[in-house]
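Structure, as structure tokens:
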Amino acid sequence: MRVVELSGGVGGARLARGLAALDDVELTVVVNVGDDAENHGFHISPDVDTVIYTLAGVEGPQGWGRAWDTFNFNTELARFGVDNTFRLGDLDLALKVFRTVEMAKGTPLSKVTSAAADGFGVSAAVLPATDDRLRTEVRLDDGWIGFQEYFVARGHRDVVHEVRFIGADRAVPAPGVVEAIATADLVVIGPSNPPLSVWPILAVPGLRPAVDEHPAVVAVSPLIGGKTVKGPADRVMSSLGLGTGNHAVVDSYRGLIDRLVIDNTDSADAASLRDVEVVVTDTLITDPKQATRLARELVEG
Ligand code: GDP
Ligand code: CA
């Protein structure tokens, strides 16, 4: 069975690990690149790296970054007065250097990503949504700023009034992305932040229609007990006018999804969610075994 998952970082990566554990599933993960940035001279693709590390089982304790990492490089930067609030681990640095050097030679992000996945023995196909430059920006009380500035430097505390995806209109889907969606038996939207992780994927011309035309699209809600497990998705959906709870998730994917999987703790939402089939189950998947169980439920639909 062919499965395509649209994924941001931590939440999407956890589900990807569950899907990859199923013997009868051939998995392609299409990953957000709206969070990409240049830091300390390196090209950073945080969500792509989180997906690779998690599929390899070497993700950091919070779900991002690299397991067993140290931060000597990052600490040393402070000597020169360099702003090191964006923390880059020593092990994590290797992938960043590899990507930056390859991209400087003209190698597209998708090629670097598949080489990086190979380096970690990851057998699922990991594809960035696009090889082109696409950057998420958010409008706060004091105007538009880049995603990393909002998320990392300002700790995603500000109220987000609007989102935009700079470069999306000129972006082209990375090789294989549209084909993977078109030939998939199932398209899964991972439990990622809908406006900040999934919309930038759908903003790449051709991708929203590809998902829209697919007959079997299921989303897993990132909410548990009406709140996010981590990050600002609940607050961002609310300040964007999408409402609260799983109604906001359905509204974020209006017209795209056939099924929404929500957590047992939110079963009260089920009766009032319109236009989608609702499945209620245990969606906390921090433990890989739980991720595999949820993945099994998704593919057996
Ligand atoms: P980011 O790029 O690291 O912010 O990652 P994503 O956008 O992929 O994931 C963030 C979302 O993942 C948050 O809204 C979390 O609520 C959700 N999330 C993280 N772990 C879990 C989990 O175990 N179950 C569910 N349902 N959602 C999760
Ligand atoms: Ca992210």
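By order in the structure tokens, chains are A, B, ...; within a chain, residues start at 1; ligands start at 1, following the order shown.
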
Could you produce a table of the residues of chain A lying within 6 Å of ligand 1, with the nearest pair of atoms per residue and their separation in Å rounded to one decimal, using only C-alpha atoms and all ligand atoms, ordered by chain and increasing residue number, as a Markdown table?
```
| residue | atom | partner | partner_atom_place_in_ligand_line | distance |
| --- | --- | --- | --- | --- |
| A:Ser7 | CA | ligand 1 | 8 (O) | 5.7 |
| A:Gly8 | CA | ligand 1 | 8 (O) | 3.5 |
| A:Gly9 | CA | ligand 1 | 2 (O) | 3.3 |
| A:Val10 | CA | ligand 1 | 3 (O) | 3.9 |
| A:Gly11 | CA | ligand 1 | 12 (O) | 3.4 |
| A:Gly12 | CA | ligand 1 | 8 (O) | 4.1 |
| A:Asp47 | CA | ligand 1 | 2 (O) | 5.5 |
| A:Pro191 | CA | ligand 1 | 27 (N) | 4.8 |
| A:Ser192 | CA | ligand 1 | 7 (O) | 3.4 |
| A:Asn193 | CA | ligand 1 | 7 (O) | 3.8 |
| A:Ser197 | CA | ligand 1 | 7 (O) | 4.8 |
| A:Ser221 | CA | ligand 1 | 26 (N) | 5.4 |
| A:Pro222 | CA | ligand 1 | 27 (N) | 3.7 |
| A:Leu223 | CA | ligand 1 | 16 (O) | 5.2 |
| A:Thr228 | CA | ligand 1 | 16 (O) | 3.3 |
| A:Val229 | CA | ligand 1 | 16 (O) | 3.6 |
| A:Lys230 | CA | ligand 1 | 15 (C) | 4.6 |
| A:Gly231 | CA | ligand 1 | 13 (C) | 5.4 |
| A:Ala233 | CA | ligand 1 | 14 (O) | 4.9 |
| A:Thr283 | CA | ligand 1 | 26 (N) | 4.6 |
| A:Leu284 | CA | ligand 1 | 23 (O) | 3.7 |
| A:Ile285 | CA | ligand 1 | 23 (O) | 3.6 |
| A:Thr286 | CA | ligand 1 | 23 (O) | 4.5 |
```

File of the preceding selection, all heavy atoms, as a compact mmCIF listing (two decimals), in the first residue's frame:
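The resulting file, out.txt, is shown below:
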```
# COMPACT_ATOMS: atom_id res chain seq x y z
N SER A 7 3.84 16.48 6.26
CA SER A 7 4.39 16.59 7.61
C SER A 7 5.11 17.91 7.87
O SER A 7 5.82 18.42 7.01
CB SER A 7 5.38 15.44 7.83
OG SER A 7 6.00 15.54 9.09
N GLY A 8 4.93 18.41 9.10
CA GLY A 8 5.80 19.46 9.63
C GLY A 8 6.93 18.77 10.36
O GLY A 8 7.46 17.75 9.88
N GLY A 9 7.25 19.27 11.55
CA GLY A 9 8.35 18.70 12.33
C GLY A 9 7.89 17.59 13.26
O GLY A 9 7.51 16.50 12.82
N VAL A 10 7.87 17.91 14.56
CA VAL A 10 7.75 16.88 15.59
C VAL A 10 6.49 15.99 15.48
O VAL A 10 6.59 14.76 15.48
CB VAL A 10 7.83 17.53 16.99
CG1 VAL A 10 7.59 16.50 18.08
CG2 VAL A 10 9.21 18.18 17.17
N GLY A 11 5.32 16.61 15.40
CA GLY A 11 4.08 15.81 15.36
C GLY A 11 4.02 14.93 14.13
O GLY A 11 3.75 13.72 14.20
N GLY A 12 4.30 15.52 12.97
CA GLY A 12 4.28 14.77 11.72
C GLY A 12 5.32 13.67 11.70
O GLY A 12 5.08 12.56 11.22
N ASP A 47 12.27 21.08 9.69
CA ASP A 47 11.27 20.01 9.66
C ASP A 47 11.78 18.78 8.91
O ASP A 47 11.54 17.63 9.32
CB ASP A 47 9.95 20.52 9.05
CG ASP A 47 9.24 21.50 9.99
OD1 ASP A 47 9.73 21.70 11.11
OD2 ASP A 47 8.19 22.05 9.60
N PRO A 191 -0.26 14.99 12.37
CA PRO A 191 -0.72 15.86 13.46
C PRO A 191 0.22 17.04 13.64
O PRO A 191 0.84 17.22 14.69
CB PRO A 191 -0.72 14.94 14.68
CG PRO A 191 0.35 13.95 14.39
CD PRO A 191 0.35 13.75 12.89
N SER A 192 0.33 17.83 12.59
CA SER A 192 1.23 18.98 12.56
C SER A 192 0.41 20.24 12.72
O SER A 192 -0.82 20.20 12.67
CB SER A 192 1.99 19.00 11.23
OG SER A 192 2.91 17.92 11.17
N ASN A 193 1.10 21.36 12.92
CA ASN A 193 0.44 22.65 13.07
C ASN A 193 -0.23 23.00 11.73
O ASN A 193 0.47 23.22 10.74
CB ASN A 193 1.51 23.68 13.44
CG ASN A 193 0.96 25.04 13.74
OD1 ASN A 193 0.03 25.50 13.07
ND2 ASN A 193 1.53 25.70 14.72
N SER A 197 2.57 24.57 9.57
CA SER A 197 3.35 23.46 9.00
C SER A 197 2.73 22.86 7.74
O SER A 197 3.44 22.43 6.85
CB SER A 197 3.52 22.33 10.03
OG SER A 197 4.32 22.73 11.12
N SER A 221 -5.55 15.00 14.01
CA SER A 221 -5.56 16.27 14.73
C SER A 221 -4.33 16.40 15.63
O SER A 221 -3.95 15.45 16.31
CB SER A 221 -6.82 16.36 15.59
OG SER A 221 -6.75 17.53 16.39
N PRO A 222 -3.74 17.62 15.66
CA PRO A 222 -2.62 17.85 16.59
C PRO A 222 -3.09 18.20 18.00
O PRO A 222 -2.27 18.50 18.86
CB PRO A 222 -1.90 19.03 15.94
CG PRO A 222 -2.98 19.81 15.29
CD PRO A 222 -4.01 18.80 14.83
N LEU A 223 -4.41 18.18 18.21
CA LEU A 223 -4.94 18.59 19.52
C LEU A 223 -5.23 17.38 20.39
O LEU A 223 -5.71 16.35 19.92
CB LEU A 223 -6.24 19.38 19.33
CG LEU A 223 -6.15 20.63 18.45
CD1 LEU A 223 -7.51 21.30 18.37
CD2 LEU A 223 -5.09 21.60 18.98
N THR A 228 -2.68 21.87 22.07
CA THR A 228 -1.56 21.22 21.39
C THR A 228 -0.68 20.50 22.40
O THR A 228 -0.61 20.87 23.57
CB THR A 228 -0.69 22.26 20.66
OG1 THR A 228 -0.31 23.25 21.59
CG2 THR A 228 -1.44 22.89 19.52
N VAL A 229 -0.02 19.46 21.92
CA VAL A 229 0.94 18.74 22.76
C VAL A 229 2.17 19.64 22.98
O VAL A 229 2.76 19.68 24.05
CB VAL A 229 1.36 17.41 22.09
CG1 VAL A 229 2.41 16.68 22.91
CG2 VAL A 229 0.13 16.54 21.87
N LYS A 230 2.55 20.35 21.94
CA LYS A 230 3.58 21.39 22.06
C LYS A 230 3.34 22.44 20.99
O LYS A 230 2.67 22.17 20.00
CB LYS A 230 4.99 20.79 21.89
CG LYS A 230 5.25 20.17 20.52
CD LYS A 230 6.72 19.87 20.28
CE LYS A 230 7.51 21.03 19.72
NZ LYS A 230 7.22 21.41 18.32
N GLY A 231 3.85 23.63 21.22
CA GLY A 231 3.76 24.67 20.21
C GLY A 231 2.42 25.40 20.21
O GLY A 231 1.54 25.11 21.01
N ALA A 233 -0.12 25.85 17.87
CA ALA A 233 -1.16 25.63 16.84
C ALA A 233 -2.55 26.05 17.31
O ALA A 233 -3.30 26.70 16.56
CB ALA A 233 -1.17 24.17 16.38
N THR A 283 -4.54 9.36 20.25
CA THR A 283 -3.61 9.96 19.27
C THR A 283 -2.30 10.44 19.90
O THR A 283 -1.49 11.07 19.21
CB THR A 283 -4.25 11.13 18.49
OG1 THR A 283 -4.41 12.23 19.38
CG2 THR A 283 -5.58 10.74 17.87
N LEU A 284 -2.08 10.19 21.18
CA LEU A 284 -0.79 10.56 21.77
C LEU A 284 0.25 9.54 21.31
O LEU A 284 0.15 8.35 21.64
CB LEU A 284 -0.87 10.60 23.30
CG LEU A 284 0.41 11.14 23.97
CD1 LEU A 284 0.61 12.62 23.65
CD2 LEU A 284 0.36 10.94 25.48
N ILE A 285 1.22 9.99 20.52
CA ILE A 285 2.14 9.05 19.85
C ILE A 285 3.60 9.36 20.14
O ILE A 285 4.47 9.13 19.31
CB ILE A 285 1.87 8.99 18.33
CG1 ILE A 285 1.88 10.40 17.72
CG2 ILE A 285 0.54 8.29 18.04
CD1 ILE A 285 1.85 10.41 16.20
N THR A 286 3.85 9.89 21.33
CA THR A 286 5.24 10.14 21.73
C THR A 286 6.02 8.82 21.79
O THR A 286 7.20 8.78 21.48
CB THR A 286 5.29 10.84 23.10
OG1 THR A 286 4.27 10.30 23.93
CG2 THR A 286 5.07 12.32 22.96
```

Protein and nucleic acid residues within 12 Å of ligand 2 (only C-alpha atoms and all ligand atoms) as a VMD selection string: chain A and resid 7 to 13 31 to 37 44 to 51 63 to 65 135 to 136 147 to 148 150 to 152 156 191 to 201 230 to 233

DSSP alpha helix (DSSP H) residues within range 74-299 of chain A, as a count of residues only: 77

Residues near range 252-267 of chain A, cut-off 9 Å, only C-alpha atoms, skip fewer than 3 positions along chain, as a ChimeraX atom specification: /A:189,194-195,199,208-209,211-226,237,242,245-249,270-271,275-284,298

Best match for closeness to Leu109 in chain A among A:Ala21, A:Leu88, A:Ala174, A:Ala94, counting only C-alpha atoms: A:Ala174

Every residue of range 6-202 of chain A that DSSP places in strand (DSSP E or B), as a PyMOL selection string: chain A and resi 6-7+26-31+37-39+42-44+59+66+125-128+130+135-140+143-146+162-166+173+186-189

Give me the residues near Leu240 in chain A as an mmCIF file with N, CA and C atoms, in the first residue's frame, where near means some atom within 9 Å (using only C-alpha atoms) and where sequence neighbours in that chain fewer than 3 positions away do not count.
```
data_model
loop_
_atom_site.group_PDB
_atom_site.id
_atom_site.type_symbol
_atom_site.label_atom_id
_atom_site.label_comp_id
_atom_site.auth_asym_id
_atom_site.auth_seq_id
_atom_site.Cartn_x
_atom_site.Cartn_y
_atom_site.Cartn_z
ATOM 1 N N VAL A 160 -0.683 35.819 16.427
ATOM 2 C CA VAL A 160 -0.488 35.806 14.970
ATOM 3 C C VAL A 160 -1.790 36.229 14.298
ATOM 4 N N HIS A 161 -1.742 37.328 13.531
ATOM 5 C CA HIS A 161 -2.950 37.836 12.881
ATOM 6 C C HIS A 161 -3.130 37.305 11.463
ATOM 7 N N GLU A 162 -2.002 36.926 10.842
ATOM 8 C CA GLU A 162 -2.049 36.516 9.429
ATOM 9 C C GLU A 162 -0.794 35.695 9.139
ATOM 10 N N VAL A 163 -0.865 34.801 8.156
ATOM 11 C CA VAL A 163 0.339 34.089 7.718
ATOM 12 C C VAL A 163 0.484 34.277 6.207
ATOM 13 N N PRO A 195 -1.897 25.727 10.233
ATOM 14 C CA PRO A 195 -1.506 26.917 9.457
ATOM 15 C C PRO A 195 0.000 27.057 9.256
ATOM 16 N N ARG A 235 -3.473 28.274 19.599
ATOM 17 C CA ARG A 235 -3.591 29.739 19.688
ATOM 18 C C ARG A 235 -3.574 30.383 18.304
ATOM 19 N N VAL A 236 -2.743 29.839 17.408
ATOM 20 C CA VAL A 236 -2.636 30.432 16.069
ATOM 21 C C VAL A 236 -3.943 30.228 15.290
ATOM 22 N N MET A 237 -4.513 29.034 15.377
ATOM 23 C CA MET A 237 -5.781 28.806 14.654
ATOM 24 C C MET A 237 -6.850 29.754 15.182
ATOM 25 N N GLY A 243 -11.399 29.511 14.968
ATOM 26 C CA GLY A 243 -12.140 28.961 16.099
ATOM 27 C C GLY A 243 -11.276 28.095 16.989
#
```

One-decimal distance in Å that lies between CA of Ser123 in chain A and CA of Arg296 in chain A: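 Between these atoms lies a distance of 18.3 Å.
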
Set the distance at 10 Å and use only C-alpha atoms: which residues neighbour Leu93 in chain A once local chain neighbours fewer than 5 positions away are removed? I'd like the list as a PDB file with N, CA and C atoms, in the first residue's frame.
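Once written, selection_32.pdb looks like this:
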```
ATOM      1  N   PHE A  42      24.589  28.566   7.706  1.00  0.00           N
ATOM      2  CA  PHE A  42      24.119  27.245   7.276  1.00  0.00           C
ATOM      3  C   PHE A  42      22.675  27.299   6.792  1.00  0.00           C
ATOM      4  N   ILE A  44      19.339  25.800   7.083  1.00  0.00           N
ATOM      5  CA  ILE A  44      18.641  24.982   8.068  1.00  0.00           C
ATOM      6  C   ILE A  44      17.269  24.603   7.508  1.00  0.00           C
ATOM      7  N   GLY A  65      16.025  18.132  16.759  1.00  0.00           N
ATOM      8  CA  GLY A  65      17.472  18.013  16.974  1.00  0.00           C
ATOM      9  C   GLY A  65      17.882  16.554  17.085  1.00  0.00           C
ATOM     10  N   ARG A  66      19.118  16.364  17.465  1.00  0.00           N
ATOM     11  CA  ARG A  66      19.750  15.063  17.409  1.00  0.00           C
ATOM     12  C   ARG A  66      19.917  14.495  18.821  1.00  0.00           C
ATOM     13  N   ASP A  69      23.214  14.873  21.702  1.00  0.00           N
ATOM     14  CA  ASP A  69      23.993  15.986  21.162  1.00  0.00           C
ATOM     15  C   ASP A  69      24.634  16.805  22.284  1.00  0.00           C
ATOM     16  N   PHE A  71      26.532  20.929  22.752  1.00  0.00           N
ATOM     17  CA  PHE A  71      26.352  22.256  22.158  1.00  0.00           C
ATOM     18  C   PHE A  71      27.614  23.110  22.251  1.00  0.00           C
ATOM     19  N   PHE A  73      29.891  23.912  19.946  1.00  0.00           N
ATOM     20  CA  PHE A  73      29.998  24.878  18.847  1.00  0.00           C
ATOM     21  C   PHE A  73      29.160  26.111  19.165  1.00  0.00           C
ATOM     22  N   ASN A  74      27.916  25.846  19.579  1.00  0.00           N
ATOM     23  CA  ASN A  74      26.984  26.927  19.856  1.00  0.00           C
ATOM     24  C   ASN A  74      27.480  27.822  21.002  1.00  0.00           C
ATOM     25  N   LEU A  88      22.295  25.205  17.750  1.00  0.00           N
ATOM     26  CA  LEU A  88      22.695  24.162  16.804  1.00  0.00           C
ATOM     27  C   LEU A  88      23.617  23.194  17.527  1.00  0.00           C
ATOM     28  N   PHE A  98      26.770  19.519   5.600  1.00  0.00           N
ATOM     29  CA  PHE A  98      26.603  18.711   4.377  1.00  0.00           C
ATOM     30  C   PHE A  98      25.609  19.388   3.431  1.00  0.00           C
ATOM     31  N   ARG A  99      24.455  19.790   3.970  1.00  0.00           N
ATOM     32  CA  ARG A  99      23.421  20.412   3.132  1.00  0.00           C
ATOM     33  C   ARG A  99      23.913  21.725   2.528  1.00  0.00           C
TER      34      ARG A  99
END
```

Near-Ala16 in chain A list (8 Å; only C-alpha atoms; drop same-chain fewer than 5 positions) as a list in words: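 Those residues are Glu5, Val29, Val51, Leu55 and Gly190 of chain A.
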
Serialized selection, all heavy atoms, as a PDB file, in the first residue's frame:
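As written to disk, part32.pdb reads:
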```
ATOM      1  N   GLU A   5       2.450  11.007   3.462  1.00  0.00           N
ATOM      2  CA  GLU A   5       2.124  11.850   4.609  1.00  0.00           C
ATOM      3  C   GLU A   5       2.642  13.255   4.381  1.00  0.00           C
ATOM      4  O   GLU A   5       3.800  13.443   3.974  1.00  0.00           O
ATOM      5  CB  GLU A   5       2.740  11.304   5.915  1.00  0.00           C
ATOM      6  CG  GLU A   5       2.228  12.101   7.119  1.00  0.00           C
ATOM      7  CD  GLU A   5       3.049  12.002   8.398  1.00  0.00           C
ATOM      8  OE1 GLU A   5       3.987  11.250   8.459  1.00  0.00           O
ATOM      9  OE2 GLU A   5       2.725  12.721   9.336  1.00  0.00           O
ATOM     10  N   VAL A  29       7.149  10.796   2.664  1.00  0.00           N
ATOM     11  CA  VAL A  29       6.824  11.916   3.550  1.00  0.00           C
ATOM     12  C   VAL A  29       7.145  13.212   2.803  1.00  0.00           C
ATOM     13  O   VAL A  29       8.277  13.423   2.370  1.00  0.00           O
ATOM     14  CB  VAL A  29       7.620  11.859   4.867  1.00  0.00           C
ATOM     15  CG1 VAL A  29       7.060  12.877   5.861  1.00  0.00           C
ATOM     16  CG2 VAL A  29       7.589  10.458   5.472  1.00  0.00           C
ATOM     17  N   VAL A  51      12.191  15.037  10.624  1.00  0.00           N
ATOM     18  CA  VAL A  51      11.611  13.826  10.027  1.00  0.00           C
ATOM     19  C   VAL A  51      12.699  12.761   9.825  1.00  0.00           C
ATOM     20  O   VAL A  51      12.515  11.596  10.193  1.00  0.00           O
ATOM     21  CB  VAL A  51      10.888  14.154   8.695  1.00  0.00           C
ATOM     22  CG1 VAL A  51      10.548  12.888   7.921  1.00  0.00           C
ATOM     23  CG2 VAL A  51       9.615  14.959   8.976  1.00  0.00           C
ATOM     24  N   LEU A  55      12.700   9.275  11.914  1.00  0.00           N
ATOM     25  CA  LEU A  55      12.600   8.000  11.189  1.00  0.00           C
ATOM     26  C   LEU A  55      13.802   7.106  11.508  1.00  0.00           C
ATOM     27  O   LEU A  55      13.691   5.881  11.516  1.00  0.00           O
ATOM     28  CB  LEU A  55      12.497   8.245   9.678  1.00  0.00           C
ATOM     29  CG  LEU A  55      11.134   8.755   9.191  1.00  0.00           C
ATOM     30  CD1 LEU A  55      11.209   9.162   7.717  1.00  0.00           C
ATOM     31  CD2 LEU A  55      10.036   7.714   9.397  1.00  0.00           C
ATOM     32  N   GLY A 190      -0.411  14.718   8.687  1.00  0.00           N
ATOM     33  CA  GLY A 190       0.064  14.385  10.026  1.00  0.00           C
ATOM     34  C   GLY A 190      -0.468  15.339  11.084  1.00  0.00           C
ATOM     35  O   GLY A 190      -1.035  16.385  10.759  1.00  0.00           O
TER      36      GLY A 190
END
```

Pairwise distance for CA of Leu140 in chain A and CA of Pro173 in chain A, rounded to one decimal in Å: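 Computed distance, CA of Leu140 in chain A to CA of Pro173 in chain A, equals 28.8 Å.
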